[in-house]
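Asker: Here you go, start-v2.csv (CSV, C-alpha atoms):
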chain,number,residue,atom,x,y,z
A,1,MET,CA,5.7,162.5,32.5
A,2,ARG,CA,5.6,160.6,35.8
A,3,LEU,CA,2.9,161.9,38.1
A,4,SER,CA,4.5,160.5,41.2
A,5,ARG,CA,6.8,157.9,42.5
A,6,PHE,CA,3.8,156.0,43.6
A,7,ASN,CA,2.5,155.7,40.0
A,8,LEU,CA,-1.1,155.4,39.0
A,9,LYS,CA,-0.6,152.1,37.1
A,10,TRP,CA,1.0,150.5,40.1
A,11,GLN,CA,-1.9,151.6,42.3
A,12,LEU,CA,-4.3,150.0,39.8
A,13,VAL,CA,-2.2,146.8,39.8
A,14,LEU,CA,-2.4,146.8,43.6
A,15,TYR,CA,-6.2,147.1,43.5
A,16,GLY,CA,-6.2,144.2,41.0
A,17,LEU,CA,-4.0,142.0,43.2
A,18,LEU,CA,-6.2,143.0,46.2
A,19,THR,CA,-9.3,141.8,44.3
A,20,VAL,CA,-7.6,138.5,43.4
A,21,CYS,CA,-6.4,137.9,46.9
A,22,LEU,CA,-9.8,138.7,48.5
A,23,SER,CA,-11.6,136.6,45.9
A,24,ALA,CA,-9.2,133.6,46.6
A,25,LEU,CA,-9.7,134.1,50.3
A,26,TYR,CA,-13.5,134.1,49.8
A,27,LEU,CA,-13.3,130.9,47.7
A,28,PHE,CA,-11.1,129.2,50.3
A,29,VAL,CA,-13.4,130.1,53.1
A,30,PHE,CA,-16.5,129.2,51.1
A,31,LEU,CA,-15.1,125.8,50.0
A,32,ARG,CA,-13.9,125.0,53.5
A,33,TYR,CA,-16.8,126.1,55.6
A,34,GLY,CA,-19.7,127.4,53.4
A,35,THR,CA,-20.6,124.0,51.9
A,36,GLN,CA,-22.0,123.0,55.3
A,37,TRP,CA,-24.8,125.6,55.1
A,38,ILE,CA,-25.5,125.8,51.3
A,39,ASP,CA,-26.8,123.0,49.1
A,40,ALA,CA,-24.7,121.7,46.3
A,41,SER,CA,-27.2,123.2,43.7
A,42,GLU,CA,-26.5,126.7,45.0
A,43,TRP,CA,-22.7,126.5,45.0
A,44,ARG,CA,-22.4,127.7,41.5
A,45,TRP,CA,-24.2,131.0,42.2
A,46,ALA,CA,-22.3,131.5,45.5
A,47,ILE,CA,-18.9,130.9,43.9
A,48,TRP,CA,-19.6,133.6,41.2
A,49,CYS,CA,-21.4,136.2,43.3
A,50,GLY,CA,-18.7,136.5,46.0
A,51,PRO,CA,-15.8,137.5,43.7
A,52,LEU,CA,-18.1,139.7,41.6
A,53,LEU,CA,-19.2,141.6,44.6
A,54,ILE,CA,-15.6,142.0,45.8
A,55,ALA,CA,-14.5,143.3,42.4
A,56,VAL,CA,-17.4,145.8,42.2
A,57,ALA,CA,-16.7,147.1,45.7
A,58,ILE,CA,-12.9,147.6,45.1
A,59,GLY,CA,-13.6,149.1,41.7
A,60,TYR,CA,-16.1,151.6,43.1
A,61,PHE,CA,-13.7,152.6,45.9
A,62,SER,CA,-10.8,153.1,43.5
A,63,GLY,CA,-12.9,154.9,41.0
A,64,GLN,CA,-14.3,157.2,43.6
A,65,GLN,CA,-10.8,158.2,44.6
A,66,LEU,CA,-9.9,158.9,41.1
A,67,GLN,CA,-13.1,160.9,40.5
A,68,ARG,CA,-12.4,163.1,43.5
A,69,ARG,CA,-9.0,163.9,42.2
A,70,MET,CA,-10.3,164.7,38.7
A,71,ASP,CA,-13.1,166.8,40.1
A,72,SER,CA,-10.6,168.8,42.2
A,73,LEU,CA,-8.4,169.3,39.1
A,74,TYR,CA,-11.4,170.3,37.0
A,75,VAL,CA,-12.6,172.9,39.6
A,76,GLY,CA,-9.1,174.4,39.8
A,77,ILE,CA,-8.8,174.7,36.0
A,78,PHE,CA,-12.3,176.2,35.8
A,79,GLN,CA,-11.4,178.8,38.5
A,80,LEU,CA,-8.2,179.8,36.6
A,81,GLN,CA,-10.3,180.1,33.4
A,82,LYS,CA,-12.6,182.5,35.2
A,83,GLY,CA,-9.7,184.6,36.4
A,84,ASN,CA,-9.4,183.4,40.0
A,85,TYR,CA,-5.6,183.1,40.0
A,86,SER,CA,-5.5,182.6,43.8
A,87,THR,CA,-6.9,179.1,43.4
A,88,ARG,CA,-4.8,176.4,44.9
A,89,LEU,CA,-5.3,172.6,45.1
A,90,PRO,CA,-4.8,170.8,48.5
A,91,ALA,CA,-1.6,168.8,49.2
A,92,ILE,CA,-2.5,165.1,49.1
A,93,GLY,CA,0.8,163.5,50.1
A,94,ARG,CA,1.8,160.1,48.5
A,95,ASP,CA,-0.8,160.0,45.7
A,96,PRO,CA,-0.6,159.5,42.0
A,97,PHE,CA,-2.0,163.0,41.5
A,98,ALA,CA,0.3,164.7,44.0
A,99,LYS,CA,2.8,165.8,41.4
A,100,LEU,CA,0.1,167.0,39.1
A,101,PHE,CA,-1.5,169.0,42.0
A,102,ASP,CA,1.9,170.6,42.9
A,103,ASP,CA,2.5,171.5,39.2
A,104,PHE,CA,-1.0,173.1,39.0
A,105,ASN,CA,-0.3,175.2,42.2
A,106,GLU,CA,3.1,176.4,40.8
A,107,LEU,CA,1.4,177.3,37.5
A,108,ALA,CA,-1.4,179.2,39.3
A,109,GLU,CA,1.2,181.0,41.5
A,110,SER,CA,3.3,181.9,38.4
A,111,LEU,CA,0.2,183.3,36.6
A,112,GLU,CA,-0.8,185.3,39.6
A,113,ILE,CA,2.7,186.9,40.0
A,114,ARG,CA,2.8,187.7,36.3
A,115,LEU,CA,-0.7,189.2,36.4
A,116,LYS,CA,0.4,191.5,39.3
A,117,HIS,CA,3.4,192.6,37.3
A,118,LEU,CA,1.3,193.3,34.2
A,119,GLN,CA,-1.1,195.3,36.4
A,120,SER,CA,1.7,197.3,37.8
A,121,LEU,CA,3.2,197.9,34.4
A,122,GLY,CA,-0.3,198.9,33.1
A,123,GLU,CA,-0.7,201.4,35.9
A,124,GLU,CA,2.7,202.8,35.3
A,125,ASN,CA,2.1,203.2,31.6
A,126,VAL,CA,-1.2,205.0,32.3
A,127,ARG,CA,0.6,207.3,34.7
A,128,LEU,CA,3.4,208.0,32.3
A,129,GLN,CA,0.9,208.5,29.5
A,130,ALA,CA,-1.0,211.0,31.6
A,131,GLU,CA,2.2,212.9,32.4
A,132,SER,CA,3.2,212.8,28.8
A,133,ASN,CA,-0.2,214.2,27.6
A,134,GLU,CA,0.0,216.9,30.3
A,135,GLN,CA,3.5,217.9,29.1
A,136,ALA,CA,2.3,217.9,25.5
A,137,VAL,CA,-0.7,220.2,26.4
A,138,LEU,CA,1.6,222.5,28.3
A,139,GLY,CA,4.1,222.6,25.4
A,140,GLU,CA,1.3,223.4,23.0
A,141,ARG,CA,0.0,226.1,25.2
A,142,ARG,CA,3.5,227.7,25.4
A,143,ARG,CA,3.8,227.6,21.7
A,144,LEU,CA,0.4,229.2,21.1
A,145,ALA,CA,1.2,231.8,23.7
A,146,ARG,CA,4.5,232.6,22.1
A,147,ASP,CA,3.0,232.8,18.6
A,148,LEU,CA,0.1,235.0,19.7
A,149,HIS,CA,2.6,237.3,21.5
A,150,ASP,CA,4.9,237.5,18.5
A,151,THR,CA,2.2,238.1,15.9
A,152,VAL,CA,-1.4,239.0,16.8
A,153,SER,CA,-0.5,240.7,20.1
A,154,GLN,CA,2.1,243.0,18.5
A,155,GLN,CA,-0.2,243.8,15.6
A,156,LEU,CA,-3.1,244.7,18.0
A,157,PHE,CA,-0.7,246.9,19.9
A,158,ALA,CA,0.3,248.7,16.7
A,159,ILE,CA,-3.3,249.0,15.7
A,160,HIS,CA,-4.1,250.6,19.1
A,161,MET,CA,-1.2,253.1,18.8
A,162,SER,CA,-2.2,254.1,15.3
A,163,ALA,CA,-5.9,254.4,16.1
A,164,SER,CA,-5.0,256.5,19.2
A,165,SER,CA,-3.0,259.0,17.1
A,166,LEU,CA,-5.5,259.1,14.3
A,167,PRO,CA,-7.7,262.0,15.7
A,168,LYS,CA,-4.8,264.3,16.1
A,169,VAL,CA,-3.4,263.4,12.7
A,170,LEU,CA,-6.8,264.0,11.2
A,171,GLU,CA,-6.9,267.6,12.7
A,172,ARG,CA,-3.4,268.5,11.4
A,173,ASP,CA,-3.1,266.6,8.1
A,174,PRO,CA,-6.1,264.9,6.6
A,175,GLU,CA,-4.1,263.3,3.8
A,176,LYS,CA,-1.7,261.7,6.3
A,177,ALA,CA,-4.7,260.6,8.3
A,178,ALA,CA,-6.1,258.8,5.3
A,179,ALA,CA,-2.8,256.9,5.0
A,180,VAL,CA,-2.9,256.0,8.7
A,181,ALA,CA,-6.5,254.7,8.2
A,182,GLU,CA,-5.3,252.6,5.2
A,183,GLN,CA,-2.5,251.2,7.3
A,184,LEU,CA,-5.0,250.3,10.1
A,185,ILE,CA,-7.2,248.5,7.6
A,186,HIS,CA,-4.1,246.5,6.3
A,187,MET,CA,-2.9,245.6,9.9
A,188,SER,CA,-6.4,244.6,11.0
A,189,PHE,CA,-6.8,242.4,8.0
A,190,ALA,CA,-3.4,240.7,8.7
A,191,ALA,CA,-4.3,240.2,12.3
A,192,GLN,CA,-7.6,238.7,11.4
A,193,ARG,CA,-5.9,236.4,8.9
A,194,GLN,CA,-3.4,235.2,11.5
A,195,MET,CA,-6.1,234.7,14.0
A,196,ARG,CA,-8.0,232.5,11.6
A,197,GLY,CA,-4.9,230.4,11.2
A,198,PHE,CA,-4.7,229.9,15.0
A,199,ILE,CA,-8.4,229.0,15.1
A,200,ALA,CA,-7.9,226.5,12.3
A,201,GLN,CA,-5.1,224.9,14.3
A,202,LEU,CA,-7.2,224.7,17.4
A,203,ARG,CA,-10.3,223.3,15.6
A,204,PRO,CA,-10.5,219.6,16.4
A,205,LEU,CA,-10.1,217.2,13.6
A,206,GLU,CA,-11.4,213.7,14.1
A,207,LEU,CA,-8.9,211.2,12.6
A,208,GLU,CA,-10.5,208.2,14.3
A,209,ASN,CA,-13.2,207.7,11.8
A,210,ARG,CA,-11.3,208.7,8.6
A,211,SER,CA,-7.9,208.3,7.1
A,212,LEU,CA,-5.3,211.1,6.8
A,213,THR,CA,-6.2,211.4,3.1
A,214,GLU,CA,-9.9,211.9,3.8
A,215,ALA,CA,-9.1,214.4,6.6
A,216,LEU,CA,-6.7,216.5,4.4
A,217,GLU,CA,-9.1,216.5,1.5
A,218,ARG,CA,-11.6,218.1,3.9
A,219,TRP,CA,-9.4,220.3,5.9
A,220,PHE,CA,-6.8,221.7,3.4
A,221,PRO,CA,-9.3,223.5,1.0
A,222,ASP,CA,-11.1,225.1,3.9
A,223,TYR,CA,-7.9,226.3,5.5
A,224,CYS,CA,-6.7,227.8,2.2
A,225,ASN,CA,-10.0,229.5,1.6
A,226,HIS,CA,-10.1,231.0,5.1
A,227,ASN,CA,-6.6,232.5,4.5
A,228,ASN,CA,-7.0,233.7,0.9
A,229,LEU,CA,-4.6,231.1,-0.5
A,230,LYS,CA,-4.8,229.1,-3.7
A,231,GLY,CA,-3.9,225.5,-2.7
A,232,SER,CA,-3.2,222.4,-4.6
A,233,LEU,CA,-3.3,219.0,-2.9
A,234,ASN,CA,-1.5,215.9,-4.2
A,235,ILE,CA,-1.8,212.7,-2.2
A,236,SER,CA,-0.4,209.4,-3.4
A,237,LEU,CA,-0.3,206.7,-0.7
A,238,ARG,CA,0.0,203.0,-1.5
A,239,SER,CA,-1.4,201.7,1.8
A,240,PRO,CA,-3.0,203.0,5.0
A,241,LEU,CA,-0.6,204.5,7.6
A,242,HIS,CA,-0.7,203.6,11.2
A,243,ASP,CA,-2.5,206.0,13.6
A,244,ALA,CA,0.6,207.5,15.3
A,245,LEU,CA,2.2,208.4,11.9
A,246,GLU,CA,-1.0,209.9,10.6
A,247,HIS,CA,-1.4,212.0,13.7
A,248,GLN,CA,2.2,213.4,13.7
A,249,LEU,CA,2.0,214.1,9.9
A,250,PHE,CA,-1.2,216.1,10.3
A,251,LEU,CA,0.4,218.1,13.2
A,252,ILE,CA,3.4,218.8,11.0
A,253,ILE,CA,1.1,219.9,8.1
A,254,GLN,CA,-0.8,222.2,10.4
A,255,GLU,CA,2.4,223.8,11.7
A,256,GLY,CA,3.8,224.2,8.1
A,257,MET,CA,0.6,225.8,6.8
A,258,ALA,CA,0.5,228.1,9.8
A,259,ASN,CA,4.1,229.2,8.9
A,260,VAL,CA,3.0,229.9,5.3
A,261,VAL,CA,0.1,232.1,6.5
A,262,LYS,CA,2.1,234.0,9.2
A,263,HIS,CA,5.4,234.6,7.4
A,264,ALA,CA,5.5,233.7,3.7
A,265,ASP,CA,3.0,236.3,2.3
A,266,ALA,CA,2.3,233.7,-0.3
A,267,LYS,CA,-0.5,233.5,-2.9
A,268,HIS,CA,-0.2,229.8,-3.7
A,269,VAL,CA,0.8,226.7,-1.7
A,270,LYS,CA,1.2,223.1,-2.8
A,271,LEU,CA,0.9,220.2,-0.4
A,272,THR,CA,2.3,216.8,-1.6
A,273,LEU,CA,2.1,213.6,0.4
A,274,GLN,CA,3.4,210.5,-1.2
A,275,GLU,CA,4.9,207.1,-0.3
A,276,THR,CA,7.8,205.1,-1.7
A,277,SER,CA,8.9,201.5,-0.8
A,278,SER,CA,11.0,202.8,2.1
A,279,GLN,CA,9.7,206.3,3.0
A,280,VAL,CA,6.7,208.6,3.5
A,281,LEU,CA,7.5,212.0,1.9
A,282,LEU,CA,5.7,215.2,2.8
A,283,GLN,CA,6.4,218.5,1.0
A,284,ILE,CA,4.9,222.0,1.5
A,285,ALA,CA,6.0,224.5,-1.1
A,286,ASP,CA,4.8,228.2,-1.4
A,287,ASP,CA,5.5,231.1,-3.7
A,288,GLY,CA,6.1,233.6,-0.9
A,289,LYS,CA,8.9,235.9,-0.1
A,290,GLY,CA,11.2,233.2,1.2
A,291,PHE,CA,14.1,233.8,3.5
A,292,VAL,CA,17.9,233.4,3.7
A,293,GLN,CA,18.5,230.2,5.8
A,294,HIS,CA,21.8,231.2,7.4
A,295,GLU,CA,20.2,234.4,8.6
A,296,THR,CA,17.3,232.6,10.2
A,297,GLY,CA,17.6,230.9,13.6
A,298,ALA,CA,17.0,227.2,13.8
A,299,GLY,CA,13.9,227.7,16.0
A,300,SER,CA,12.3,230.4,13.8
A,301,HIS,CA,9.0,230.1,11.9
A,302,GLY,CA,8.0,227.0,14.0
A,303,LEU,CA,10.5,224.9,12.1
A,304,SER,CA,11.9,223.5,15.3
A,305,THR,CA,8.5,222.1,16.2
A,306,MET,CA,8.2,220.4,12.9
A,307,ARG,CA,11.7,219.1,13.1
A,308,GLU,CA,11.0,217.7,16.6
A,309,ARG,CA,7.8,216.0,15.4
A,310,ALA,CA,9.6,214.4,12.5
A,311,GLY,CA,12.4,213.3,14.7
A,312,LYS,CA,9.9,211.4,17.0
A,313,LEU,CA,9.2,209.2,14.0
A,314,GLY,CA,12.8,208.7,13.1
A,315,GLY,CA,12.5,211.2,10.2
A,316,GLN,CA,14.2,214.4,9.1
A,317,LEU,CA,13.2,217.8,7.8
A,318,GLU,CA,14.9,219.7,5.0
A,319,ILE,CA,14.4,223.4,4.0
A,320,SER,CA,15.0,225.0,0.7
A,321,SER,CA,14.4,228.7,0.5
A,322,ARG,CA,15.8,232.0,-0.9
A,323,ASN,CA,14.7,235.6,-0.7
A,324,GLY,CA,11.9,236.2,-3.2
A,325,GLU,CA,11.8,232.6,-4.4
A,326,GLY,CA,9.4,231.0,-1.9
A,327,CYS,CA,10.1,228.2,0.5
A,328,ARG,CA,10.0,224.4,0.3
A,329,VAL,CA,9.8,222.2,3.4
A,330,LYS,CA,10.4,218.5,2.9
A,331,VAL,CA,9.8,215.9,5.6
A,332,SER,CA,10.9,212.3,5.0
A,333,ILE,CA,9.7,209.5,7.4
A,334,PRO,CA,11.2,206.0,7.1
A,335,LYS,CA,8.8,203.1,6.8
A,336,LEU,CA,9.6,200.4,9.4
A,337,GLN,CA,8.9,197.0,8.0
A,338,PRO,CA,7.0,194.6,10.3
A,339,ALA,CA,8.6,191.4,11.5
A,340,THR,CA,8.4,188.6,9.0
A,341,ASP,CA,6.8,185.2,9.8
A,342,SER,CA,10.2,183.5,9.6
A,343,GLY,CA,11.7,185.9,12.0
A,344,MET,CA,8.8,185.3,14.4
A,345,LYS,CA,9.2,181.6,14.1
A,346,GLU,CA,12.9,181.9,14.8
A,347,ASP,CA,12.2,184.0,17.8
A,348,GLY,CA,9.7,181.4,19.0
A,349,GLN,CA,12.2,178.6,18.5
A,350,HIS,CA,14.9,180.5,20.4
A,351,GLY,CA,12.4,181.1,23.2
A,352,GLU,CA,11.5,177.4,23.3
A,353,ALA,CA,15.2,176.5,23.3
A,354,GLU,CA,15.8,178.8,26.3
Could you render the structure as structure tokens?

Answerer:
Amino acid sequence: MRLSRFNLKWQLVLYGLLTVCLSALYLFVFLRYGTQWIDASEWRWAIWCGPLLIAVAIGYFSGQQLQRRMDSLYVGIFQLQKGNYSTRLPAIGRDPFAKLFDDFNELAESLEIRLKHLQSLGEENVRLQAESNEQAVLGERRRLARDLHDTVSQQLFAIHMSASSLPKVLERDPEKAAAVAEQLIHMSFAAQRQMRGFIAQLRPLELENRSLTEALERWFPDYCNHNNLKGSLNISLRSPLHDALEHQLFLIIQEGMANVVKHADAKHVKLTLQETSSQVLLQIADDGKGFVQHETGAGSHGLSTMRERAGKLGGQLEISSRNGEGCRVKVSIPKLQPATDSGMKEDGQHGEAE
């Protein structure tokens, strides 16, 4: 790469020619006029010292110029390394380092512009992430409010109505009052069971310090015990899953288990999580009362939420159920293969070619 039209090598050649010319001029003047004041025995030293001093002076002057340019370039690179992207080198006109200084300034300006763009994108991503999190929180609040209204709220209202009528029924028909009391016990137990399910959903689970397998081995038995379920857990994963997939899978499992507690009236539930070469498969199967699929809306039993979460990962949800035969919910998530080294090299080659 040529630094400048006025190349460094020609500058050094000129300094060399200047040294030769000045040395020749010195010798000419010395031999013409200097011999009159200096003895013949001192000519040898005078002839050598003059050109030597001229060469040292010109070498020091040229080296000092080069050193200043190198120092300026070093300071500029040091400032860029420390993150001061507004650093610029001065214009030096016709100089061997002029092109290098100009290229450095263009590089610094390009880095500064790119850094500003990255900061803008980072701020925009933070803002969008905050909005997304806020929308997710609002959506979760709406879902919990809807579920509480559809289940616990209605049951508490029914308990209140039955309890209000119990004194009058007790006066008129003690036997019927005993049946009402038994019904109150059953409804209060069901409400307590469903409320435990909601509390289990709201209870925070730290996935940062443990894998999904470790979290499920801790959470699933506790959830089943709190809801009087016999649960069996079967996990067979070949490799660790990335954080986003683990988080969404756990939310799907929470929603599916909540559906079992609220609607299935099941005694046993089986949770299976396994991995193939191309998919991650999740299955929740219970021995509850089941339902007829074409008679159930697409958004019922929280299935729409599970289907939406699976869709975010490019997966799909399948339901198999009949009246009196339980229900099986199967979620399949495709495994996206990372880019190969050869592909990355080809991309890099394309980028270099462009």

Asker: So which one's closest to Ile253 (chain A), A:Ser132, A:Gln183, A:Thr272, A:Ser277? Using only C-alpha atoms, please.

Answerer: A:Thr272

Asker: Find the spatial neighbours of region 13-19 of chain A, counting only C-alpha atoms, within a cut-off of 10 Å - ignore same-chain residues fewer than 3 positions away - and output them as an MDAnalysis selection string.

Answerer: chainID A and resid 8:10 22:25 51:59 61:62

Asker: Could you turn the residues from that selection into a file that holds C-alpha atoms, as a short mmCIF file (atom, residue, chain, number, x, y, z; two decimals), keeping the file's coordinate frame?

Answerer:
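And here is the file that came out, result.cif:
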data_model
loop_
_atom_site.label_atom_id
_atom_site.label_comp_id
_atom_site.auth_asym_id
_atom_site.auth_seq_id
_atom_site.Cartn_x
_atom_site.Cartn_y
_atom_site.Cartn_z
CA LEU A 8 -1.10 155.40 39.00
CA LYS A 9 -0.60 152.10 37.10
CA TRP A 10 1.00 150.50 40.10
CA LEU A 22 -9.80 138.70 48.50
CA SER A 23 -11.60 136.60 45.90
CA ALA A 24 -9.20 133.60 46.60
CA LEU A 25 -9.70 134.10 50.30
CA PRO A 51 -15.80 137.50 43.70
CA LEU A 52 -18.10 139.70 41.60
CA LEU A 53 -19.20 141.60 44.60
CA ILE A 54 -15.60 142.00 45.80
CA ALA A 55 -14.50 143.30 42.40
CA VAL A 56 -17.40 145.80 42.20
CA ALA A 57 -16.70 147.10 45.70
CA ILE A 58 -12.90 147.60 45.10
CA GLY A 59 -13.60 149.10 41.70
CA PHE A 61 -13.70 152.60 45.90
CA SER A 62 -10.80 153.10 43.50
#

Asker: Looking at all atoms listed in the file, which of A:Leu212, A:Val292, A:Leu121, A:Met70 is the one that sits closest to Ala98 (chain A)?

Answerer: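 Using all atoms listed in the file, Ala98 (chain A) sits closest to A:Met70.
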
Asker: I'd like the interatomic distance between CA of Val331 (chain A) and CA of Leu148 (chain A), to a tenth of an Å.

Answerer: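 CA of Leu148 (chain A) lies at a distance of 25.6 Å from CA of Val331 (chain A).
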
Asker: Using CA of His160 (chain A) and CA of Val180 (chain A) as the two end points, give the distance in Å to one decimal.

Answerer: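 So the two atoms, CA of His160 (chain A) and CA of Val180 (chain A), lie 11.8 Å apart.
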
Asker: Just the number, please: distance in Å from CA of Phe291 (chain A) to CA of Lys262 (chain A), one decimal.

Answerer: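 Straight-line distance from CA of Phe291 (chain A) to CA of Lys262 (chain A) works out to 13.3 Å.
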
Asker: Any chance you could build region 57-68 of chain A out to N, CA and C atoms and write it as a PDB file, keeping the file's coordinate frame?

Answerer:
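Output (part_22.pdb):
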ATOM      1  N   ALA A  57     -16.938 146.238  44.601  1.00  0.00           N
ATOM      2  CA  ALA A  57     -16.700 147.100  45.700  1.00  0.00           C
ATOM      3  C   ALA A  57     -15.297 147.788  45.616  1.00  0.00           C
ATOM      4  N   ILE A  58     -14.267 147.006  45.258  1.00  0.00           N
ATOM      5  CA  ILE A  58     -12.900 147.600  45.100  1.00  0.00           C
ATOM      6  C   ILE A  58     -12.872 148.552  43.933  1.00  0.00           C
ATOM      7  N   GLY A  59     -13.538 148.212  42.820  1.00  0.00           N
ATOM      8  CA  GLY A  59     -13.600 149.100  41.700  1.00  0.00           C
ATOM      9  C   GLY A  59     -14.264 150.412  41.966  1.00  0.00           C
ATOM     10  N   TYR A  60     -15.383 150.321  42.709  1.00  0.00           N
ATOM     11  CA  TYR A  60     -16.100 151.600  43.100  1.00  0.00           C
ATOM     12  C   TYR A  60     -15.247 152.422  43.989  1.00  0.00           C
ATOM     13  N   PHE A  61     -14.550 151.800  44.953  1.00  0.00           N
ATOM     14  CA  PHE A  61     -13.700 152.600  45.900  1.00  0.00           C
ATOM     15  C   PHE A  61     -12.561 153.262  45.146  1.00  0.00           C
ATOM     16  N   SER A  62     -11.879 152.533  44.285  1.00  0.00           N
ATOM     17  CA  SER A  62     -10.800 153.100  43.500  1.00  0.00           C
ATOM     18  C   SER A  62     -11.254 154.197  42.566  1.00  0.00           C
ATOM     19  N   GLY A  63     -12.390 153.935  41.901  1.00  0.00           N
ATOM     20  CA  GLY A  63     -12.900 154.900  41.000  1.00  0.00           C
ATOM     21  C   GLY A  63     -13.373 156.190  41.665  1.00  0.00           C
ATOM     22  N   GLN A  64     -13.922 156.026  42.870  1.00  0.00           N
ATOM     23  CA  GLN A  64     -14.300 157.200  43.600  1.00  0.00           C
ATOM     24  C   GLN A  64     -13.141 158.084  43.978  1.00  0.00           C
ATOM     25  N   GLN A  65     -12.029 157.460  44.357  1.00  0.00           N
ATOM     26  CA  GLN A  65     -10.800 158.200  44.600  1.00  0.00           C
ATOM     27  C   GLN A  65     -10.332 158.991  43.414  1.00  0.00           C
ATOM     28  N   LEU A  66     -10.284 158.290  42.287  1.00  0.00           N
ATOM     29  CA  LEU A  66      -9.900 158.900  41.100  1.00  0.00           C
ATOM     30  C   LEU A  66     -10.804 160.069  40.659  1.00  0.00           C
ATOM     31  N   GLN A  67     -12.111 159.848  40.817  1.00  0.00           N
ATOM     32  CA  GLN A  67     -13.100 160.900  40.500  1.00  0.00           C
ATOM     33  C   GLN A  67     -12.937 162.114  41.302  1.00  0.00           C
ATOM     34  N   ARG A  68     -12.654 161.949  42.602  1.00  0.00           N
ATOM     35  CA  ARG A  68     -12.400 163.100  43.500  1.00  0.00           C
ATOM     36  C   ARG A  68     -11.233 163.914  43.027  1.00  0.00           C
TER      37      ARG A  68
END
